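Listing of model-v6.cif, mmCIF, N, CA and C atoms
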```cif
data_work
loop_
_atom_site.group_PDB
_atom_site.id
_atom_site.type_symbol
_atom_site.label_atom_id
_atom_site.label_comp_id
_atom_site.auth_asym_id
_atom_site.auth_seq_id
_atom_site.Cartn_x
_atom_site.Cartn_y
_atom_site.Cartn_z
ATOM 1 N N GLU A 161 1.882 -5.836 -6.058
ATOM 2 C CA GLU A 161 2.478 -5.433 -7.307
ATOM 3 C C GLU A 161 1.741 -6.090 -8.483
ATOM 4 N N ARG A 162 1.344 -7.348 -8.300
ATOM 5 C CA ARG A 162 0.615 -8.023 -9.375
ATOM 6 C C ARG A 162 -0.710 -7.339 -9.659
ATOM 7 N N ILE A 163 -1.422 -6.935 -8.620
ATOM 8 C CA ILE A 163 -2.705 -6.244 -8.813
ATOM 9 C C ILE A 163 -2.474 -4.916 -9.509
ATOM 10 N N ARG A 164 -1.472 -4.167 -9.059
ATOM 11 C CA ARG A 164 -1.179 -2.866 -9.647
ATOM 12 C C ARG A 164 -0.895 -3.003 -11.141
ATOM 13 N N SER A 165 -0.061 -3.944 -11.515
ATOM 14 C CA SER A 165 0.297 -4.077 -12.927
ATOM 15 C C SER A 165 -0.867 -4.609 -13.767
ATOM 16 N N ARG A 166 -1.681 -5.493 -13.206
ATOM 17 C CA ARG A 166 -2.832 -6.027 -13.954
ATOM 18 C C ARG A 166 -3.880 -4.945 -14.210
ATOM 19 N N VAL A 167 -4.111 -4.091 -13.217
ATOM 20 C CA VAL A 167 -5.076 -2.994 -13.415
ATOM 21 C C VAL A 167 -4.620 -2.114 -14.565
ATOM 22 N N GLU A 168 -3.355 -1.765 -14.572
ATOM 23 C CA GLU A 168 -2.832 -0.904 -15.635
ATOM 24 C C GLU A 168 -2.919 -1.605 -16.996
ATOM 25 N N MET A 169 -2.620 -2.899 -17.027
ATOM 26 C CA MET A 169 -2.586 -3.636 -18.279
ATOM 27 C C MET A 169 -3.989 -3.898 -18.842
ATOM 28 N N LEU A 170 -4.973 -4.101 -17.970
ATOM 29 C CA LEU A 170 -6.287 -4.546 -18.432
ATOM 30 C C LEU A 170 -7.342 -3.451 -18.528
ATOM 31 N N THR A 171 -6.986 -2.215 -18.271
ATOM 32 C CA THR A 171 -7.969 -1.137 -18.368
ATOM 33 C C THR A 171 -7.732 -0.313 -19.624
ATOM 34 N N ASP A 172 -8.840 0.161 -20.187
ATOM 35 C CA ASP A 172 -8.765 0.996 -21.378
ATOM 36 C C ASP A 172 -9.847 2.052 -21.293
ATOM 37 N N PRO A 173 -9.503 3.298 -21.054
ATOM 38 C CA PRO A 173 -8.149 3.825 -20.990
ATOM 39 C C PRO A 173 -7.409 3.311 -19.754
ATOM 40 N N SER A 174 -6.110 3.357 -19.820
ATOM 41 C CA SER A 174 -5.247 2.824 -18.772
ATOM 42 C C SER A 174 -5.482 3.538 -17.435
ATOM 43 N N VAL A 175 -5.645 2.747 -16.395
ATOM 44 C CA VAL A 175 -5.813 3.253 -15.034
ATOM 45 C C VAL A 175 -4.603 2.810 -14.225
ATOM 46 N N THR A 176 -4.072 3.698 -13.395
ATOM 47 C CA THR A 176 -2.952 3.327 -12.537
ATOM 48 C C THR A 176 -3.402 3.290 -11.090
ATOM 49 N N VAL A 177 -2.638 2.571 -10.264
ATOM 50 C CA VAL A 177 -2.992 2.360 -8.867
ATOM 51 C C VAL A 177 -1.775 2.622 -7.997
ATOM 52 N N SER A 178 -1.966 3.375 -6.935
ATOM 53 C CA SER A 178 -0.950 3.528 -5.897
ATOM 54 C C SER A 178 -1.477 2.849 -4.641
ATOM 55 N N CYS A 179 -0.617 2.078 -3.976
ATOM 56 C CA CYS A 179 -1.037 1.330 -2.788
ATOM 57 C C CYS A 179 -0.055 1.549 -1.649
ATOM 58 N N GLY A 180 -0.603 1.634 -0.459
ATOM 59 C CA GLY A 180 0.201 1.658 0.753
ATOM 60 C C GLY A 180 -0.193 0.472 1.612
ATOM 61 N N LEU A 181 0.779 -0.305 2.024
ATOM 62 C CA LEU A 181 0.518 -1.512 2.793
ATOM 63 C C LEU A 181 1.234 -1.461 4.132
ATOM 64 N N SER A 182 0.655 -2.134 5.104
ATOM 65 C CA SER A 182 1.332 -2.359 6.371
ATOM 66 C C SER A 182 1.059 -3.785 6.796
ATOM 67 N N GLU A 183 1.879 -4.278 7.695
ATOM 68 C CA GLU A 183 1.804 -5.673 8.088
ATOM 69 C C GLU A 183 1.607 -5.794 9.589
ATOM 70 N N TRP A 184 0.812 -6.779 9.973
ATOM 71 C CA TRP A 184 0.622 -7.101 11.380
ATOM 72 C C TRP A 184 0.760 -8.602 11.534
ATOM 73 N N VAL A 185 1.519 -9.010 12.528
ATOM 74 C CA VAL A 185 1.634 -10.426 12.861
ATOM 75 C C VAL A 185 1.192 -10.614 14.304
ATOM 76 N N PHE A 186 0.791 -11.802 14.629
ATOM 77 C CA PHE A 186 0.232 -12.105 15.939
ATOM 78 C C PHE A 186 1.161 -11.683 17.082
ATOM 79 N N GLU A 187 2.466 -11.799 16.876
ATOM 80 C CA GLU A 187 3.422 -11.444 17.921
ATOM 81 C C GLU A 187 3.477 -9.944 18.197
ATOM 82 N N ASP A 188 2.943 -9.130 17.295
ATOM 83 C CA ASP A 188 2.936 -7.670 17.461
ATOM 84 C C ASP A 188 1.695 -7.217 18.215
ATOM 85 N N ASP A 189 1.446 -7.787 19.379
ATOM 86 C CA ASP A 189 0.217 -7.477 20.106
ATOM 87 C C ASP A 189 0.167 -6.039 20.613
ATOM 88 N N LEU A 190 1.298 -5.335 20.600
ATOM 89 C CA LEU A 190 1.303 -3.941 21.052
ATOM 90 C C LEU A 190 0.951 -2.957 19.938
ATOM 91 N N VAL A 191 0.850 -3.433 18.707
ATOM 92 C CA VAL A 191 0.515 -2.570 17.572
ATOM 93 C C VAL A 191 -0.995 -2.363 17.546
ATOM 94 N N SER A 192 -1.406 -1.113 17.603
ATOM 95 C CA SER A 192 -2.835 -0.809 17.594
ATOM 96 C C SER A 192 -3.358 -0.782 16.160
ATOM 97 N N VAL A 193 -4.658 -0.894 16.038
ATOM 98 C CA VAL A 193 -5.293 -0.792 14.726
ATOM 99 C C VAL A 193 -4.999 0.572 14.120
ATOM 100 N N GLU A 194 -5.036 1.601 14.940
ATOM 101 C CA GLU A 194 -4.766 2.958 14.451
ATOM 102 C C GLU A 194 -3.351 3.060 13.893
ATOM 103 N N SER A 195 -2.397 2.445 14.578
ATOM 104 C CA SER A 195 -1.012 2.457 14.122
ATOM 105 C C SER A 195 -0.863 1.705 12.809
ATOM 106 N N LEU A 196 -1.545 0.597 12.688
ATOM 107 C CA LEU A 196 -1.499 -0.200 11.467
ATOM 108 C C LEU A 196 -2.018 0.613 10.280
ATOM 109 N N PHE A 197 -3.162 1.264 10.455
ATOM 110 C CA PHE A 197 -3.727 2.093 9.384
ATOM 111 C C PHE A 197 -2.859 3.309 9.102
ATOM 112 N N TYR A 198 -2.259 3.888 10.134
ATOM 113 C CA TYR A 198 -1.383 5.040 9.948
ATOM 114 C C TYR A 198 -0.187 4.662 9.078
ATOM 115 N N ARG A 199 0.431 3.513 9.358
ATOM 116 C CA ARG A 199 1.588 3.076 8.568
ATOM 117 C C ARG A 199 1.195 2.822 7.113
ATOM 118 N N ALA A 200 0.029 2.232 6.881
ATOM 119 C CA ALA A 200 -0.441 2.009 5.512
ATOM 120 C C ALA A 200 -0.707 3.334 4.813
ATOM 121 N N ASP A 201 -1.290 4.281 5.535
ATOM 122 C CA ASP A 201 -1.587 5.597 4.964
ATOM 123 C C ASP A 201 -0.305 6.333 4.601
ATOM 124 N N MET A 202 0.695 6.287 5.472
ATOM 125 C CA MET A 202 1.979 6.942 5.183
ATOM 126 C C MET A 202 2.665 6.279 3.988
ATOM 127 N N ALA A 203 2.538 4.963 3.870
ATOM 128 C CA ALA A 203 3.109 4.263 2.716
ATOM 129 C C ALA A 203 2.403 4.683 1.430
ATOM 130 N N LEU A 204 1.089 4.890 1.487
ATOM 131 C CA LEU A 204 0.348 5.363 0.315
ATOM 132 C C LEU A 204 0.843 6.738 -0.116
ATOM 133 N N TYR A 205 1.027 7.644 0.836
ATOM 134 C CA TYR A 205 1.538 8.971 0.489
ATOM 135 C C TYR A 205 2.940 8.877 -0.098
ATOM 136 N N GLU A 206 3.753 7.967 0.418
ATOM 137 C CA GLU A 206 5.098 7.776 -0.116
ATOM 138 C C GLU A 206 5.028 7.277 -1.559
ATOM 139 N N ALA A 207 4.112 6.370 -1.840
ATOM 140 C CA ALA A 207 3.937 5.872 -3.213
ATOM 141 C C ALA A 207 3.531 6.999 -4.148
ATOM 142 N N LYS A 208 2.604 7.814 -3.718
ATOM 143 C CA LYS A 208 2.145 8.921 -4.563
ATOM 144 C C LYS A 208 3.231 9.974 -4.755
ATOM 145 N N ASN A 209 3.997 10.251 -3.702
ATOM 146 C CA ASN A 209 5.039 11.271 -3.790
ATOM 147 C C ASN A 209 6.248 10.807 -4.584
ATOM 148 N N ASN A 210 6.372 9.527 -4.820
ATOM 149 C CA ASN A 210 7.507 8.990 -5.565
ATOM 150 C C ASN A 210 7.138 8.603 -6.991
ATOM 151 N N GLY A 211 6.118 9.224 -7.537
ATOM 152 C CA GLY A 211 5.812 9.045 -8.939
ATOM 153 C C GLY A 211 4.506 8.342 -9.227
ATOM 154 N N ARG A 212 3.761 7.959 -8.231
ATOM 155 C CA ARG A 212 2.472 7.280 -8.403
ATOM 156 C C ARG A 212 2.639 5.941 -9.103
ATOM 157 N N ASN A 213 1.538 5.215 -9.206
ATOM 158 C CA ASN A 213 1.534 3.898 -9.841
ATOM 159 C C ASN A 213 2.598 2.990 -9.212
ATOM 160 N N ARG A 214 2.610 2.977 -7.875
ATOM 161 C CA ARG A 214 3.602 2.221 -7.119
ATOM 162 C C ARG A 214 2.951 1.568 -5.909
ATOM 163 N N VAL A 215 3.676 0.614 -5.339
ATOM 164 C CA VAL A 215 3.264 -0.036 -4.104
ATOM 165 C C VAL A 215 4.381 0.174 -3.093
ATOM 166 N N PHE A 216 4.052 0.714 -1.928
ATOM 167 C CA PHE A 216 5.021 0.889 -0.857
ATOM 168 C C PHE A 216 4.502 0.180 0.392
ATOM 169 N N VAL A 217 5.433 -0.350 1.172
ATOM 170 C CA VAL A 217 5.099 -1.025 2.425
ATOM 171 C C VAL A 217 5.574 -0.135 3.573
ATOM 172 N N GLY A 218 4.643 0.158 4.498
ATOM 173 C CA GLY A 218 4.976 0.987 5.654
ATOM 174 C C GLY A 218 5.834 0.244 6.655
ATOM 175 N N ALA A 219 6.755 0.959 7.238
ATOM 176 C CA ALA A 219 7.662 0.355 8.229
ATOM 177 C C ALA A 219 7.077 0.393 9.624
#
```
Written as structure tokens, how would this file's structure read?
Amino acid sequence: ERIRSRVEMLTDPSVTVSCGLSEWVFEDDLVSVESLFYRADMALYEAKNNGRNRVFVGA
């Protein structure tokens, strides 16, 4: 969120950013790299579909 807001604040003309994030922890050894990227990608689409200039975390 800090990166998203700083990009918008410090660019002229103003640039907005939509981000999709996913999380992996060591205990999630069954989560594949493909699954991790898929969740981040779906979160990005959710951010864009909900008005853009947002950060969403994939479940």
Which of chain A fall in helix (DSSP H, G or I), as a list in words:
Arg162, Ile163, Arg164, Ser165, Arg166, Val167, Glu168, Met169, Leu170, Val193, Glu194, Ser195, Leu196, Phe197, Tyr198, Arg199, Ala200, Asp201, Met202, Ala203, Leu204, Tyr205, Glu206, Ala207, Lys208 and Asn209 of chain A
How would the residues just picked look written out with N, CA and C atoms as a PDB file, keeping the file's coordinate frame?
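Output saved as out07.pdb:
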```pdb
ATOM      1  N   ARG A 162       1.344  -7.348  -8.300  1.00  0.00           N
ATOM      2  CA  ARG A 162       0.615  -8.023  -9.375  1.00  0.00           C
ATOM      3  C   ARG A 162      -0.710  -7.339  -9.659  1.00  0.00           C
ATOM      4  N   ILE A 163      -1.422  -6.935  -8.620  1.00  0.00           N
ATOM      5  CA  ILE A 163      -2.705  -6.244  -8.813  1.00  0.00           C
ATOM      6  C   ILE A 163      -2.474  -4.916  -9.509  1.00  0.00           C
ATOM      7  N   ARG A 164      -1.472  -4.167  -9.059  1.00  0.00           N
ATOM      8  CA  ARG A 164      -1.179  -2.866  -9.647  1.00  0.00           C
ATOM      9  C   ARG A 164      -0.895  -3.003 -11.141  1.00  0.00           C
ATOM     10  N   SER A 165      -0.061  -3.944 -11.515  1.00  0.00           N
ATOM     11  CA  SER A 165       0.297  -4.077 -12.927  1.00  0.00           C
ATOM     12  C   SER A 165      -0.867  -4.609 -13.767  1.00  0.00           C
ATOM     13  N   ARG A 166      -1.681  -5.493 -13.206  1.00  0.00           N
ATOM     14  CA  ARG A 166      -2.832  -6.027 -13.954  1.00  0.00           C
ATOM     15  C   ARG A 166      -3.880  -4.945 -14.210  1.00  0.00           C
ATOM     16  N   VAL A 167      -4.111  -4.091 -13.217  1.00  0.00           N
ATOM     17  CA  VAL A 167      -5.076  -2.994 -13.415  1.00  0.00           C
ATOM     18  C   VAL A 167      -4.620  -2.114 -14.565  1.00  0.00           C
ATOM     19  N   GLU A 168      -3.355  -1.765 -14.572  1.00  0.00           N
ATOM     20  CA  GLU A 168      -2.832  -0.904 -15.635  1.00  0.00           C
ATOM     21  C   GLU A 168      -2.919  -1.605 -16.996  1.00  0.00           C
ATOM     22  N   MET A 169      -2.620  -2.899 -17.027  1.00  0.00           N
ATOM     23  CA  MET A 169      -2.586  -3.636 -18.279  1.00  0.00           C
ATOM     24  C   MET A 169      -3.989  -3.898 -18.842  1.00  0.00           C
ATOM     25  N   LEU A 170      -4.973  -4.101 -17.970  1.00  0.00           N
ATOM     26  CA  LEU A 170      -6.287  -4.546 -18.432  1.00  0.00           C
ATOM     27  C   LEU A 170      -7.342  -3.451 -18.528  1.00  0.00           C
ATOM     28  N   VAL A 193      -4.658  -0.894  16.038  1.00  0.00           N
ATOM     29  CA  VAL A 193      -5.293  -0.792  14.726  1.00  0.00           C
ATOM     30  C   VAL A 193      -4.999   0.572  14.120  1.00  0.00           C
ATOM     31  N   GLU A 194      -5.036   1.601  14.940  1.00  0.00           N
ATOM     32  CA  GLU A 194      -4.766   2.958  14.451  1.00  0.00           C
ATOM     33  C   GLU A 194      -3.351   3.060  13.893  1.00  0.00           C
ATOM     34  N   SER A 195      -2.397   2.445  14.578  1.00  0.00           N
ATOM     35  CA  SER A 195      -1.012   2.457  14.122  1.00  0.00           C
ATOM     36  C   SER A 195      -0.863   1.705  12.809  1.00  0.00           C
ATOM     37  N   LEU A 196      -1.545   0.597  12.688  1.00  0.00           N
ATOM     38  CA  LEU A 196      -1.499  -0.200  11.467  1.00  0.00           C
ATOM     39  C   LEU A 196      -2.018   0.613  10.280  1.00  0.00           C
ATOM     40  N   PHE A 197      -3.162   1.264  10.455  1.00  0.00           N
ATOM     41  CA  PHE A 197      -3.727   2.093   9.384  1.00  0.00           C
ATOM     42  C   PHE A 197      -2.859   3.309   9.102  1.00  0.00           C
ATOM     43  N   TYR A 198      -2.259   3.888  10.134  1.00  0.00           N
ATOM     44  CA  TYR A 198      -1.383   5.040   9.948  1.00  0.00           C
ATOM     45  C   TYR A 198      -0.187   4.662   9.078  1.00  0.00           C
ATOM     46  N   ARG A 199       0.431   3.513   9.358  1.00  0.00           N
ATOM     47  CA  ARG A 199       1.588   3.076   8.568  1.00  0.00           C
ATOM     48  C   ARG A 199       1.195   2.822   7.113  1.00  0.00           C
ATOM     49  N   ALA A 200       0.029   2.232   6.881  1.00  0.00           N
ATOM     50  CA  ALA A 200      -0.441   2.009   5.512  1.00  0.00           C
ATOM     51  C   ALA A 200      -0.707   3.334   4.813  1.00  0.00           C
ATOM     52  N   ASP A 201      -1.290   4.281   5.535  1.00  0.00           N
ATOM     53  CA  ASP A 201      -1.587   5.597   4.964  1.00  0.00           C
ATOM     54  C   ASP A 201      -0.305   6.333   4.601  1.00  0.00           C
ATOM     55  N   MET A 202       0.695   6.287   5.472  1.00  0.00           N
ATOM     56  CA  MET A 202       1.979   6.942   5.183  1.00  0.00           C
ATOM     57  C   MET A 202       2.665   6.279   3.988  1.00  0.00           C
ATOM     58  N   ALA A 203       2.538   4.963   3.870  1.00  0.00           N
ATOM     59  CA  ALA A 203       3.109   4.263   2.716  1.00  0.00           C
ATOM     60  C   ALA A 203       2.403   4.683   1.430  1.00  0.00           C
ATOM     61  N   LEU A 204       1.089   4.890   1.487  1.00  0.00           N
ATOM     62  CA  LEU A 204       0.348   5.363   0.315  1.00  0.00           C
ATOM     63  C   LEU A 204       0.843   6.738  -0.116  1.00  0.00           C
ATOM     64  N   TYR A 205       1.027   7.644   0.836  1.00  0.00           N
ATOM     65  CA  TYR A 205       1.538   8.971   0.489  1.00  0.00           C
ATOM     66  C   TYR A 205       2.940   8.877  -0.098  1.00  0.00           C
ATOM     67  N   GLU A 206       3.753   7.967   0.418  1.00  0.00           N
ATOM     68  CA  GLU A 206       5.098   7.776  -0.116  1.00  0.00           C
ATOM     69  C   GLU A 206       5.028   7.277  -1.559  1.00  0.00           C
ATOM     70  N   ALA A 207       4.112   6.370  -1.840  1.00  0.00           N
ATOM     71  CA  ALA A 207       3.937   5.872  -3.213  1.00  0.00           C
ATOM     72  C   ALA A 207       3.531   6.999  -4.148  1.00  0.00           C
ATOM     73  N   LYS A 208       2.604   7.814  -3.718  1.00  0.00           N
ATOM     74  CA  LYS A 208       2.145   8.921  -4.563  1.00  0.00           C
ATOM     75  C   LYS A 208       3.231   9.974  -4.755  1.00  0.00           C
ATOM     76  N   ASN A 209       3.997  10.251  -3.702  1.00  0.00           N
ATOM     77  CA  ASN A 209       5.039  11.271  -3.790  1.00  0.00           C
ATOM     78  C   ASN A 209       6.248  10.807  -4.584  1.00  0.00           C
TER      79      ASN A 209
END
```
I'd like to see the residues matched by the PyMOL selection byres ((chain A and resi 183) around 7) on this file, and ideally I'd get them as a list of chain:residue names.
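Applied to this file, the PyMOL selection byres ((chain A and resi 183) around 7) selects A:Leu181, A:Ser182, A:Trp184, A:Val185, A:Leu196, A:Ala200, A:Val217, A:Gly218.
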Selection export as a short mmCIF file (atom, residue, chain, number, x, y, z; two decimals), in the frame of the given file, atoms kept: N, CA and C atoms:
```cif
data_model
loop_
_atom_site.label_atom_id
_atom_site.label_comp_id
_atom_site.auth_asym_id
_atom_site.auth_seq_id
_atom_site.Cartn_x
_atom_site.Cartn_y
_atom_site.Cartn_z
N LEU A 181 0.78 -0.30 2.02
CA LEU A 181 0.52 -1.51 2.79
C LEU A 181 1.23 -1.46 4.13
N SER A 182 0.66 -2.13 5.10
CA SER A 182 1.33 -2.36 6.37
C SER A 182 1.06 -3.78 6.80
N TRP A 184 0.81 -6.78 9.97
CA TRP A 184 0.62 -7.10 11.38
C TRP A 184 0.76 -8.60 11.53
N VAL A 185 1.52 -9.01 12.53
CA VAL A 185 1.63 -10.43 12.86
C VAL A 185 1.19 -10.61 14.30
N LEU A 196 -1.54 0.60 12.69
CA LEU A 196 -1.50 -0.20 11.47
C LEU A 196 -2.02 0.61 10.28
N ALA A 200 0.03 2.23 6.88
CA ALA A 200 -0.44 2.01 5.51
C ALA A 200 -0.71 3.33 4.81
N VAL A 217 5.43 -0.35 1.17
CA VAL A 217 5.10 -1.02 2.42
C VAL A 217 5.57 -0.14 3.57
N GLY A 218 4.64 0.16 4.50
CA GLY A 218 4.98 0.99 5.65
C GLY A 218 5.83 0.24 6.66
#
```
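At a cut-off of 12 Å from (7.1, 3.6, -12.2), the residue set is A:Glu161, A:Arg164, A:Ser165, A:Glu168, A:Thr176, A:Val177, A:Ser178, A:Ala207, A:Lys208, A:Asn209, A:Asn210, A:Gly211, A:Arg212, A:Asn213, A:Arg214, A:Val215, A:Phe216 (counting only C-alpha atoms).
Across the model, the gap from CA of Gly180 (chain A) to atom N of Ser195 (chain A) is 14.1 Å.
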DSSP strand (DSSP E) selection over chain A, as a ChimeraX atom specification:
/A:179-181,215-217
Work out how far CA of Glu206 (chain A) is from CA of Met169 (chain A), in Å to one decimal.
22.8 Å
Just to confirm, what's the straight-line distance from atom N of Thr171 (chain A) to atom C of Asp201 (chain A) in Å (one decimal)?
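Pair atom N of Thr171 (chain A) / atom C of Asp201 (chain A) returns 25.3 Å.
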Export region 185-195 of chain A, all heavy atoms, as a short mmCIF file (atom, residue, chain, number, x, y, z; two decimals), in the first residue's frame; it's the structure right above.
```cif
data_model
loop_
_atom_site.label_atom_id
_atom_site.label_comp_id
_atom_site.auth_asym_id
_atom_site.auth_seq_id
_atom_site.Cartn_x
_atom_site.Cartn_y
_atom_site.Cartn_z
N VAL A 185 4.70 -19.38 3.10
CA VAL A 185 5.52 -19.58 4.29
C VAL A 185 6.11 -20.98 4.23
O VAL A 185 5.59 -21.87 3.54
CB VAL A 185 4.72 -19.38 5.60
CG1 VAL A 185 4.31 -17.93 5.77
CG2 VAL A 185 3.51 -20.27 5.63
N PHE A 186 7.18 -21.18 4.92
CA PHE A 186 7.92 -22.44 4.87
C PHE A 186 7.04 -23.65 5.17
O PHE A 186 7.20 -24.71 4.58
CB PHE A 186 9.11 -22.39 5.84
CG PHE A 186 9.99 -23.60 5.75
CD1 PHE A 186 10.84 -23.76 4.67
CD2 PHE A 186 9.97 -24.57 6.74
CE1 PHE A 186 11.66 -24.87 4.58
CE2 PHE A 186 10.78 -25.68 6.65
CZ PHE A 186 11.63 -25.83 5.57
N GLU A 187 6.07 -23.49 6.06
CA GLU A 187 5.20 -24.60 6.43
C GLU A 187 4.25 -25.01 5.30
O GLU A 187 3.67 -26.08 5.35
CB GLU A 187 4.38 -24.24 7.68
CG GLU A 187 5.21 -24.11 8.93
CD GLU A 187 5.93 -22.77 9.05
OE1 GLU A 187 5.52 -21.79 8.37
OE2 GLU A 187 6.92 -22.70 9.80
N ASP A 188 4.09 -24.17 4.30
CA ASP A 188 3.20 -24.46 3.16
C ASP A 188 3.96 -25.20 2.07
O ASP A 188 3.93 -24.82 0.90
CB ASP A 188 2.62 -23.17 2.58
CG ASP A 188 1.62 -22.50 3.48
OD1 ASP A 188 1.08 -23.18 4.37
OD2 ASP A 188 1.38 -21.30 3.30
N ASP A 189 4.61 -26.30 2.41
CA ASP A 189 5.44 -27.00 1.43
C ASP A 189 4.63 -27.63 0.30
O ASP A 189 5.19 -28.01 -0.72
CB ASP A 189 6.32 -28.04 2.12
CG ASP A 189 5.52 -29.11 2.86
OD1 ASP A 189 4.33 -28.88 3.12
OD2 ASP A 189 6.11 -30.16 3.18
N LEU A 190 3.31 -27.73 0.46
CA LEU A 190 2.49 -28.31 -0.61
C LEU A 190 2.06 -27.27 -1.65
O LEU A 190 1.47 -27.62 -2.66
CB LEU A 190 1.26 -28.99 -0.01
CG LEU A 190 1.55 -30.18 0.90
CD1 LEU A 190 0.24 -30.74 1.46
CD2 LEU A 190 2.32 -31.26 0.17
N VAL A 191 2.32 -26.00 -1.39
CA VAL A 191 1.95 -24.94 -2.33
C VAL A 191 3.00 -24.87 -3.43
O VAL A 191 4.18 -24.68 -3.17
CB VAL A 191 1.84 -23.58 -1.60
CG1 VAL A 191 1.58 -22.46 -2.60
CG2 VAL A 191 0.75 -23.63 -0.55
N SER A 192 2.55 -25.02 -4.66
CA SER A 192 3.48 -24.98 -5.79
C SER A 192 3.74 -23.54 -6.20
O SER A 192 2.99 -22.62 -5.87
CB SER A 192 2.89 -25.74 -6.98
OG SER A 192 1.76 -25.07 -7.49
N VAL A 193 4.82 -23.35 -6.93
CA VAL A 193 5.14 -22.03 -7.46
C VAL A 193 4.01 -21.56 -8.37
O VAL A 193 3.60 -20.40 -8.33
CB VAL A 193 6.48 -22.06 -8.22
CG1 VAL A 193 6.72 -20.75 -8.95
CG2 VAL A 193 7.62 -22.37 -7.28
N GLU A 194 3.47 -22.47 -9.16
CA GLU A 194 2.38 -22.12 -10.08
C GLU A 194 1.16 -21.63 -9.30
O GLU A 194 0.52 -20.65 -9.68
CB GLU A 194 2.00 -23.31 -10.96
CG GLU A 194 3.05 -23.70 -11.97
CD GLU A 194 4.14 -24.60 -11.39
OE1 GLU A 194 4.03 -25.05 -10.21
OE2 GLU A 194 5.13 -24.83 -12.09
N SER A 195 0.86 -22.29 -8.19
CA SER A 195 -0.27 -21.89 -7.36
C SER A 195 -0.04 -20.53 -6.74
O SER A 195 -0.95 -19.70 -6.67
CB SER A 195 -0.51 -22.94 -6.27
OG SER A 195 -1.51 -22.51 -5.38
#
```
